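Trainee: For reference, this is upload-v3.pdb, and it has PDB, C-alpha atoms, pLDDT in the B column.
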```pdb
ATOM      1  CA  PRO A   1      27.278 -48.682 -26.652  1.00 59.00           C
ATOM      2  CA  LEU A   2      25.375 -51.785 -25.526  1.00 64.00           C
ATOM      3  CA  ARG A   3      25.921 -53.419 -28.934  1.00 69.00           C
ATOM      4  CA  ASN A   4      29.698 -53.429 -28.519  1.00 80.00           C
ATOM      5  CA  CYS A   5      31.348 -55.695 -25.932  1.00 84.00           C
ATOM      6  CA  MET A   6      34.247 -53.264 -25.371  1.00 79.00           C
ATOM      7  CA  GLN A   7      31.809 -50.422 -24.688  1.00 80.00           C
ATOM      8  CA  GLN A   8      29.747 -52.651 -22.399  1.00 86.00           C
ATOM      9  CA  GLU A   9      32.908 -53.413 -20.423  1.00 86.00           C
ATOM     10  CA  ARG A  10      33.775 -49.701 -20.244  1.00 85.00           C
ATOM     11  CA  LEU A  11      30.296 -48.862 -18.957  1.00 88.00           C
ATOM     12  CA  GLU A  12      30.448 -51.613 -16.339  1.00 91.00           C
ATOM     13  CA  ARG A  13      33.938 -50.558 -15.206  1.00 89.00           C
ATOM     14  CA  THR A  14      32.792 -46.929 -14.938  1.00 91.00           C
ATOM     15  CA  TRP A  15      29.702 -47.956 -12.968  1.00 94.00           C
ATOM     16  CA  ASN A  16      31.703 -50.089 -10.545  1.00 94.00           C
ATOM     17  CA  LEU A  17      34.233 -47.323  -9.936  1.00 93.00           C
ATOM     18  CA  LEU A  18      31.492 -44.757  -9.340  1.00 95.00           C
ATOM     19  CA  THR A  19      29.385 -46.874  -6.993  1.00 96.00           C
ATOM     20  CA  LYS A  20      32.496 -47.910  -5.066  1.00 95.00           C
ATOM     21  CA  HIS A  21      32.839 -44.299  -3.883  1.00 94.00           C
ATOM     22  CA  VAL A  22      29.292 -42.876  -3.997  1.00 96.00           C
ATOM     23  CA  ALA A  23      25.808 -43.975  -2.956  1.00 97.00           C
ATOM     24  CA  LEU A  24      23.681 -42.450  -5.721  1.00 98.00           C
ATOM     25  CA  GLY A  25      20.258 -42.405  -4.034  1.00 98.00           C
ATOM     26  CA  GLY A  26      18.997 -38.813  -3.838  1.00 98.00           C
ATOM     27  CA  LYS A  27      22.175 -37.309  -5.328  1.00 98.00           C
ATOM     28  CA  HIS A  28      22.038 -34.587  -7.986  1.00 98.00           C
ATOM     29  CA  VAL A  29      23.985 -35.957 -10.932  1.00 98.00           C
ATOM     30  CA  THR A  30      24.797 -34.651 -14.373  1.00 98.00           C
ATOM     31  CA  ASP A  31      25.923 -36.872 -17.219  1.00 98.00           C
ATOM     32  CA  ILE A  32      27.811 -34.590 -19.606  1.00 98.00           C
ATOM     33  CA  GLY A  33      28.146 -36.062 -23.064  1.00 95.00           C
ATOM     34  CA  CYS A  34      25.243 -38.402 -22.359  1.00 95.00           C
ATOM     35  CA  GLY A  35      24.619 -39.485 -25.953  1.00 93.00           C
ATOM     36  CA  ALA A  36      21.496 -41.646 -26.135  1.00 91.00           C
ATOM     37  CA  GLY A  37      21.361 -41.935 -22.338  1.00 95.00           C
ATOM     38  CA  VAL A  38      22.456 -45.464 -21.481  1.00 93.00           C
ATOM     39  CA  PHE A  39      24.444 -44.361 -18.410  1.00 95.00           C
ATOM     40  CA  SER A  40      21.958 -41.618 -17.451  1.00 97.00           C
ATOM     41  CA  ARG A  41      19.130 -44.127 -17.193  1.00 97.00           C
ATOM     42  CA  ARG A  42      21.278 -46.360 -15.021  1.00 97.00           C
ATOM     43  CA  LEU A  43      21.975 -43.388 -12.711  1.00 98.00           C
ATOM     44  CA  ARG A  44      18.246 -42.608 -12.546  1.00 98.00           C
ATOM     45  CA  ASP A  45      17.384 -46.227 -11.814  1.00 98.00           C
ATOM     46  CA  ALA A  46      19.852 -46.113  -8.888  1.00 98.00           C
ATOM     47  CA  GLY A  47      17.841 -43.261  -7.362  1.00 98.00           C
ATOM     48  CA  ALA A  48      19.783 -40.215  -8.554  1.00 98.00           C
ATOM     49  CA  HIS A  49      18.198 -36.984  -9.811  1.00 98.00           C
ATOM     50  CA  VAL A  50      19.734 -36.823 -13.287  1.00 98.00           C
ATOM     51  CA  GLU A  51      20.389 -34.007 -15.720  1.00 98.00           C
ATOM     52  CA  ALA A  52      21.645 -35.406 -19.021  1.00 98.00           C
ATOM     53  CA  VAL A  53      23.654 -33.022 -21.202  1.00 98.00           C
ATOM     54  CA  ASP A  54      24.797 -33.327 -24.794  1.00 97.00           C
ATOM     55  CA  ILE A  55      25.835 -31.035 -27.637  1.00 96.00           C
ATOM     56  CA  ALA A  56      23.996 -33.163 -30.230  1.00 96.00           C
ATOM     57  CA  GLU A  57      20.297 -32.407 -30.499  1.00 95.00           C
ATOM     58  CA  ASN A  58      19.745 -35.675 -32.376  1.00 96.00           C
ATOM     59  CA  ALA A  59      21.276 -37.647 -29.503  1.00 94.00           C
ATOM     60  CA  LEU A  60      18.896 -35.950 -27.072  1.00 97.00           C
ATOM     61  CA  LYS A  61      15.935 -36.666 -29.383  1.00 96.00           C
ATOM     62  CA  ARG A  62      16.943 -40.337 -29.516  1.00 95.00           C
ATOM     63  CA  PHE A  63      17.365 -40.325 -25.726  1.00 96.00           C
ATOM     64  CA  LYS A  64      13.858 -38.896 -25.273  1.00 96.00           C
ATOM     65  CA  LYS A  65      12.371 -41.393 -27.723  1.00 96.00           C
ATOM     66  CA  ILE A  66      13.887 -44.361 -25.873  1.00 95.00           C
ATOM     67  CA  ASP A  67      13.171 -43.293 -22.273  1.00 96.00           C
ATOM     68  CA  ALA A  68      13.824 -39.950 -20.605  1.00 96.00           C
ATOM     69  CA  ASN A  69      11.293 -40.330 -17.787  1.00 97.00           C
ATOM     70  CA  ASN A  70      12.410 -38.393 -14.702  1.00 98.00           C
ATOM     71  CA  ILE A  71      15.584 -37.191 -16.441  1.00 98.00           C
ATOM     72  CA  GLN A  72      16.128 -33.552 -17.349  1.00 98.00           C
ATOM     73  CA  LEU A  73      17.595 -33.222 -20.850  1.00 98.00           C
ATOM     74  CA  THR A  74      19.823 -30.217 -21.537  1.00 97.00           C
ATOM     75  CA  HIS A  75      21.351 -29.111 -24.815  1.00 97.00           C
ATOM     76  CA  SER A  76      24.738 -27.623 -23.968  1.00 97.00           C
ATOM     77  CA  ALA A  77      28.430 -28.078 -24.746  1.00 95.00           C
ATOM     78  CA  MET A  78      31.794 -28.272 -23.036  1.00 95.00           C
ATOM     79  CA  PRO A  79      33.931 -26.492 -22.074  1.00 94.00           C
ATOM     80  CA  GLY A  80      31.386 -23.700 -21.472  1.00 93.00           C
ATOM     81  CA  THR A  81      28.053 -25.161 -20.389  1.00 96.00           C
ATOM     82  CA  THR A  82      24.901 -23.324 -19.349  1.00 95.00           C
ATOM     83  CA  LEU A  83      24.643 -25.400 -16.159  1.00 97.00           C
ATOM     84  CA  SER A  84      24.465 -23.882 -12.680  1.00 97.00           C
ATOM     85  CA  ASP A  85      27.447 -23.319 -10.395  1.00 98.00           C
ATOM     86  CA  HIS A  86      28.116 -25.961  -7.718  1.00 98.00           C
ATOM     87  CA  ALA A  87      24.832 -27.750  -8.440  1.00 98.00           C
ATOM     88  CA  TYR A  88      25.931 -31.385  -8.642  1.00 98.00           C
ATOM     89  CA  ASP A  89      26.933 -34.026  -6.122  1.00 98.00           C
ATOM     90  CA  VAL A  90      28.262 -36.185  -8.947  1.00 98.00           C
ATOM     91  CA  ILE A  91      29.411 -35.427 -12.471  1.00 98.00           C
ATOM     92  CA  VAL A  92      29.851 -38.195 -15.016  1.00 97.00           C
ATOM     93  CA  CYS A  93      31.822 -37.172 -18.086  1.00 95.00           C
ATOM     94  CA  THR A  94      33.036 -40.119 -20.110  1.00 89.00           C
ATOM     95  CA  GLU A  95      34.869 -40.178 -23.431  1.00 85.00           C
ATOM     96  CA  LEU A  96      34.418 -36.429 -23.957  1.00 89.00           C
ATOM     97  CA  ILE A  97      37.743 -34.687 -23.355  1.00 87.00           C
ATOM     98  CA  ALA A  98      39.330 -36.367 -26.386  1.00 83.00           C
ATOM     99  CA  GLU A  99      36.698 -34.665 -28.562  1.00 86.00           C
ATOM    100  CA  LEU A 100      37.934 -31.214 -27.514  1.00 88.00           C
ATOM    101  CA  ALA A 101      40.809 -29.214 -28.903  1.00 88.00           C
ATOM    102  CA  PRO A 102      43.930 -29.544 -26.712  1.00 85.00           C
ATOM    103  CA  ASP A 103      43.712 -25.818 -25.938  1.00 90.00           C
ATOM    104  CA  ASP A 104      40.364 -26.508 -24.223  1.00 92.00           C
ATOM    105  CA  TYR A 105      41.555 -29.265 -21.860  1.00 90.00           C
ATOM    106  CA  ARG A 106      42.261 -26.885 -18.947  1.00 92.00           C
ATOM    107  CA  LEU A 107      38.941 -25.103 -19.562  1.00 95.00           C
ATOM    108  CA  PHE A 108      37.215 -28.498 -19.494  1.00 95.00           C
ATOM    109  CA  PHE A 109      38.451 -29.265 -15.967  1.00 95.00           C
ATOM    110  CA  ALA A 110      37.812 -25.691 -14.806  1.00 96.00           C
ATOM    111  CA  GLU A 111      34.216 -25.995 -16.019  1.00 97.00           C
ATOM    112  CA  LEU A 112      33.748 -29.289 -14.189  1.00 97.00           C
ATOM    113  CA  ALA A 113      35.114 -27.662 -11.019  1.00 97.00           C
ATOM    114  CA  ARG A 114      32.605 -24.804 -11.424  1.00 98.00           C
ATOM    115  CA  LEU A 115      29.690 -27.235 -11.697  1.00 98.00           C
ATOM    116  CA  ILE A 116      30.451 -29.654  -8.870  1.00 98.00           C
ATOM    117  CA  LYS A 117      29.655 -29.143  -5.203  1.00 97.00           C
ATOM    118  CA  PRO A 118      32.722 -28.747  -2.958  1.00 95.00           C
ATOM    119  CA  ASP A 119      32.315 -32.279  -1.588  1.00 95.00           C
ATOM    120  CA  GLY A 120      31.201 -33.784  -4.904  1.00 97.00           C
ATOM    121  CA  TYR A 121      32.584 -36.573  -7.038  1.00 96.00           C
ATOM    122  CA  LEU A 122      33.649 -36.573 -10.664  1.00 96.00           C
ATOM    123  CA  ILE A 123      34.134 -39.600 -12.837  1.00 95.00           C
ATOM    124  CA  CYS A 124      35.935 -38.761 -16.039  1.00 90.00           C
ATOM    125  CA  SER A 125      37.359 -41.047 -18.674  1.00 84.00           C
ATOM    126  CA  SER A 126      39.022 -40.788 -22.015  1.00 80.00           C
ATOM    127  CA  GLU A 127      40.013 -43.088 -24.792  1.00 73.00           C
ATOM    128  CA  ILE A 128      43.688 -42.409 -25.222  1.00 65.00           C
ATOM    129  CA  ASP A 129      45.550 -43.558 -28.296  1.00 60.00           C
ATOM    130  CA  ILE A 130      47.996 -46.300 -27.307  1.00 46.00           C
ATOM    131  CA  ASP A 131      50.671 -44.554 -29.352  1.00 52.00           C
ATOM    132  CA  SER A 132      50.425 -41.320 -27.379  1.00 70.00           C
ATOM    133  CA  VAL A 133      53.372 -41.035 -25.028  1.00 75.00           C
ATOM    134  CA  GLY A 134      52.358 -40.107 -21.501  1.00 77.00           C
ATOM    135  CA  GLY A 135      48.665 -39.647 -22.345  1.00 76.00           C
ATOM    136  CA  VAL A 136      47.328 -41.119 -19.114  1.00 78.00           C
ATOM    137  CA  GLU A 137      49.783 -39.136 -17.017  1.00 82.00           C
ATOM    138  CA  ARG A 138      48.815 -35.934 -18.862  1.00 83.00           C
ATOM    139  CA  LEU A 139      45.111 -36.577 -18.212  1.00 84.00           C
ATOM    140  CA  ASN A 140      45.826 -37.048 -14.500  1.00 86.00           C
ATOM    141  CA  GLU A 141      47.966 -33.889 -14.381  1.00 89.00           C
ATOM    142  CA  LEU A 142      45.166 -31.877 -15.968  1.00 89.00           C
ATOM    143  CA  ALA A 143      42.575 -33.298 -13.563  1.00 91.00           C
ATOM    144  CA  GLN A 144      44.794 -32.532 -10.564  1.00 93.00           C
ATOM    145  CA  THR A 145      44.731 -28.823 -11.420  1.00 92.00           C
ATOM    146  CA  GLU A 146      41.146 -28.779 -10.087  1.00 94.00           C
ATOM    147  CA  PHE A 147      40.512 -32.067  -8.251  1.00 94.00           C
ATOM    148  CA  ASP A 148      41.930 -34.506  -5.731  1.00 93.00           C
ATOM    149  CA  ILE A 149      42.092 -37.884  -7.463  1.00 91.00           C
ATOM    150  CA  LEU A 150      40.798 -40.743  -5.311  1.00 89.00           C
ATOM    151  CA  GLU A 151      41.455 -43.446  -7.839  1.00 87.00           C
ATOM    152  CA  SER A 152      42.757 -43.746 -11.360  1.00 83.00           C
ATOM    153  CA  VAL A 153      42.090 -46.880 -13.369  1.00 79.00           C
ATOM    154  CA  LYS A 154      43.894 -47.780 -16.563  1.00 74.00           C
ATOM    155  CA  SER A 155      42.630 -50.398 -18.960  1.00 67.00           C
ATOM    156  CA  TYR A 156      43.752 -51.514 -22.352  1.00 57.00           C
TER     157      TYR A 156
END
```
Kindly return the structure encoded in the file as structure tokens.
Mentor:
Amino acid sequence: PLRNCMQQERLERTWNLLTKHVALGGKHVTDIGCGAGVFSRRLRDAGAHVEAVDIAENALKRFKKIDANNIQLTHSAMPGTTLSDHAYDVIVCTELIAELAPDDYRLFFAELARLIKPDGYLICSSEIDIDSVGGVERLNELAQTEFDILESVKSY
């Protein structure tokens, strides 16, 4: 993602939104759909205890090859992970829901609710096709089935 200016902007926007609401030092954080770990390493460098999760074994191998020091790597998939109940102060889950079948969207948010501590924070994003009518509103409606939304940011 760091080779693409649009992805760099998305990462920076996500980081700013997260750190606006949460001090990461000492927090237990999971990055679900971590890919090669760009965001996970940033979380670690901010003092969080990070568990990075991805369905792709090759992504986790690449992550480990680059730098996985002090980050727990976990091979698991949404919407039914192997992660522990209510174990995380913060969950980061970016650009993942659009990869799921629409029938799994509710299960996705239910799984996130199972994983997060009662006073935890979730940052979730999705690339939504500009031609989809009401896509952003639908994402917010789904999230509100399990979470109180503090802030919703749209960008095009």
Trainee: Using the chain letters and numbers from the file, give me the residues hit by the PyMOL selection byres ((chain A and resi 76) around 6), as an MDAnalysis selection string.
Mentor: chainID A and resid 54:55 75 77 81
Trainee: In Å to one decimal, how far is CA of Ala52 in chain A from CA of Gly37 in chain A?
Mentor: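 Distance between the two atoms: 7.3 Å.
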Trainee: Would you kindly identify which residues have an atom no farther than 12 Å from (8.5, -39.0, -13.4), using all atoms listed in the file and the file's own coordinates, and write them out as a PDB file with C-alpha atoms, in the frame of the given file?
Mentor:
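Writing done, so here's point-v3.pdb:
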```
ATOM      1  CA  ARG A  44      18.246 -42.608 -12.546  1.00 98.00           C
ATOM      2  CA  ASP A  45      17.384 -46.227 -11.814  1.00 98.00           C
ATOM      3  CA  GLY A  47      17.841 -43.261  -7.362  1.00 98.00           C
ATOM      4  CA  HIS A  49      18.198 -36.984  -9.811  1.00 98.00           C
ATOM      5  CA  VAL A  50      19.734 -36.823 -13.287  1.00 98.00           C
ATOM      6  CA  ASP A  67      13.171 -43.293 -22.273  1.00 96.00           C
ATOM      7  CA  ALA A  68      13.824 -39.950 -20.605  1.00 96.00           C
ATOM      8  CA  ASN A  69      11.293 -40.330 -17.787  1.00 97.00           C
ATOM      9  CA  ASN A  70      12.410 -38.393 -14.702  1.00 98.00           C
ATOM     10  CA  ILE A  71      15.584 -37.191 -16.441  1.00 98.00           C
ATOM     11  CA  GLN A  72      16.128 -33.552 -17.349  1.00 98.00           C
TER      12      GLN A  72
END
```
Trainee: Range 74-121 of chain A near range 136-148 of chain A within 8 Å: what's each residue's closest atom pair and its distance in Å to one decimal, counting only C-alpha atoms, ordered by chain then ascending residue number, as JSON lines?
Mentor:
```
{"residue": "A:Tyr105", "atom": "CA", "partner": "A:Leu142", "partner_atom": "CA", "distance": 7.4}
{"residue": "A:Arg106", "atom": "CA", "partner": "A:Leu142", "partner_atom": "CA", "distance": 6.5}
{"residue": "A:Phe109", "atom": "CA", "partner": "A:Ala143", "partner_atom": "CA", "distance": 6.2}
{"residue": "A:Ala110", "atom": "CA", "partner": "A:Glu146", "partner_atom": "CA", "distance": 6.6}
{"residue": "A:Ala113", "atom": "CA", "partner": "A:Glu146", "partner_atom": "CA", "distance": 6.2}
```
Trainee: CA of Cys93 in chain A and CA of Val53 in chain A, how far apart in Å?
Mentor: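 Distance reported for this atom pair: 9.7 Å.
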Trainee: What is the distance between CA of Thr19 in chain A and CA of Ser125 in chain A, in Å to one decimal?
Mentor: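 For CA of Thr19 in chain A relative to CA of Ser125 in chain A, the distance reads 15.3 Å.
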Trainee: Of the candidates A:Leu112, A:Thr94, A:Ile123, A:Ile32, which shows the shortest atom-to-atom distance to Gln7 in chain A, using only C-alpha atoms?
Mentor: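 Checking each candidate against Gln7 in chain A, we get A:Thr94 as the closest.
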Trainee: Give me range 112-126 of chain A from this structure - N, CA and C atoms, as an mmCIF file, in the first residue's frame.
Mentor:
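File produced: out-v8.cif:
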```cif
data_model
loop_
_atom_site.group_PDB
_atom_site.id
_atom_site.type_symbol
_atom_site.label_atom_id
_atom_site.label_comp_id
_atom_site.auth_asym_id
_atom_site.auth_seq_id
_atom_site.Cartn_x
_atom_site.Cartn_y
_atom_site.Cartn_z
ATOM 1 N N LEU A 112 -16.821 -9.156 15.264
ATOM 2 C CA LEU A 112 -16.062 -8.045 15.829
ATOM 3 C C LEU A 112 -16.553 -7.714 17.230
ATOM 4 N N ALA A 113 -17.862 -7.738 17.439
ATOM 5 C CA ALA A 113 -18.432 -7.470 18.764
ATOM 6 C C ALA A 113 -18.011 -8.543 19.765
ATOM 7 N N ARG A 114 -17.870 -9.779 19.332
ATOM 8 C CA ARG A 114 -17.424 -10.860 20.221
ATOM 9 C C ARG A 114 -15.969 -10.654 20.652
ATOM 10 N N LEU A 115 -15.164 -10.108 19.781
ATOM 11 C CA LEU A 115 -13.727 -9.981 20.035
ATOM 12 C C LEU A 115 -13.352 -8.775 20.892
ATOM 13 N N ILE A 116 -14.114 -7.710 20.794
ATOM 14 C CA ILE A 116 -13.717 -6.444 21.417
ATOM 15 C C ILE A 116 -14.166 -6.375 22.880
ATOM 16 N N LYS A 117 -13.361 -5.708 23.686
ATOM 17 C CA LYS A 117 -13.745 -5.462 25.075
ATOM 18 C C LYS A 117 -14.937 -4.514 25.100
ATOM 19 N N PRO A 118 -15.747 -4.564 26.162
ATOM 20 C CA PRO A 118 -16.946 -3.717 26.220
ATOM 21 C C PRO A 118 -16.682 -2.223 26.034
ATOM 22 N N ASP A 119 -15.523 -1.751 26.444
ATOM 23 C CA ASP A 119 -15.205 -0.328 26.293
ATOM 24 C C ASP A 119 -14.188 -0.095 25.176
ATOM 25 N N GLY A 120 -14.079 -1.054 24.264
ATOM 26 C CA GLY A 120 -13.094 -0.984 23.193
ATOM 27 C C GLY A 120 -13.518 -0.123 22.016
ATOM 28 N N TYR A 121 -12.584 0.008 21.083
ATOM 29 C CA TYR A 121 -12.784 0.807 19.885
ATOM 30 C C TYR A 121 -12.535 -0.044 18.645
ATOM 31 N N LEU A 122 -13.357 0.194 17.639
ATOM 32 C CA LEU A 122 -13.226 -0.484 16.361
ATOM 33 C C LEU A 122 -13.054 0.569 15.283
ATOM 34 N N ILE A 123 -12.090 0.345 14.408
ATOM 35 C CA ILE A 123 -12.011 1.178 13.217
ATOM 36 C C ILE A 123 -12.149 0.239 12.029
ATOM 37 N N CYS A 124 -13.161 0.505 11.245
ATOM 38 C CA CYS A 124 -13.536 -0.358 10.132
ATOM 39 C C CYS A 124 -13.719 0.510 8.905
ATOM 40 N N SER A 125 -13.216 0.043 7.779
ATOM 41 C CA SER A 125 -13.417 0.805 6.550
ATOM 42 C C SER A 125 -13.709 -0.146 5.411
ATOM 43 N N SER A 126 -14.237 0.423 4.361
ATOM 44 C CA SER A 126 -14.543 -0.365 3.180
ATOM 45 C C SER A 126 -14.475 0.511 1.951
#
```
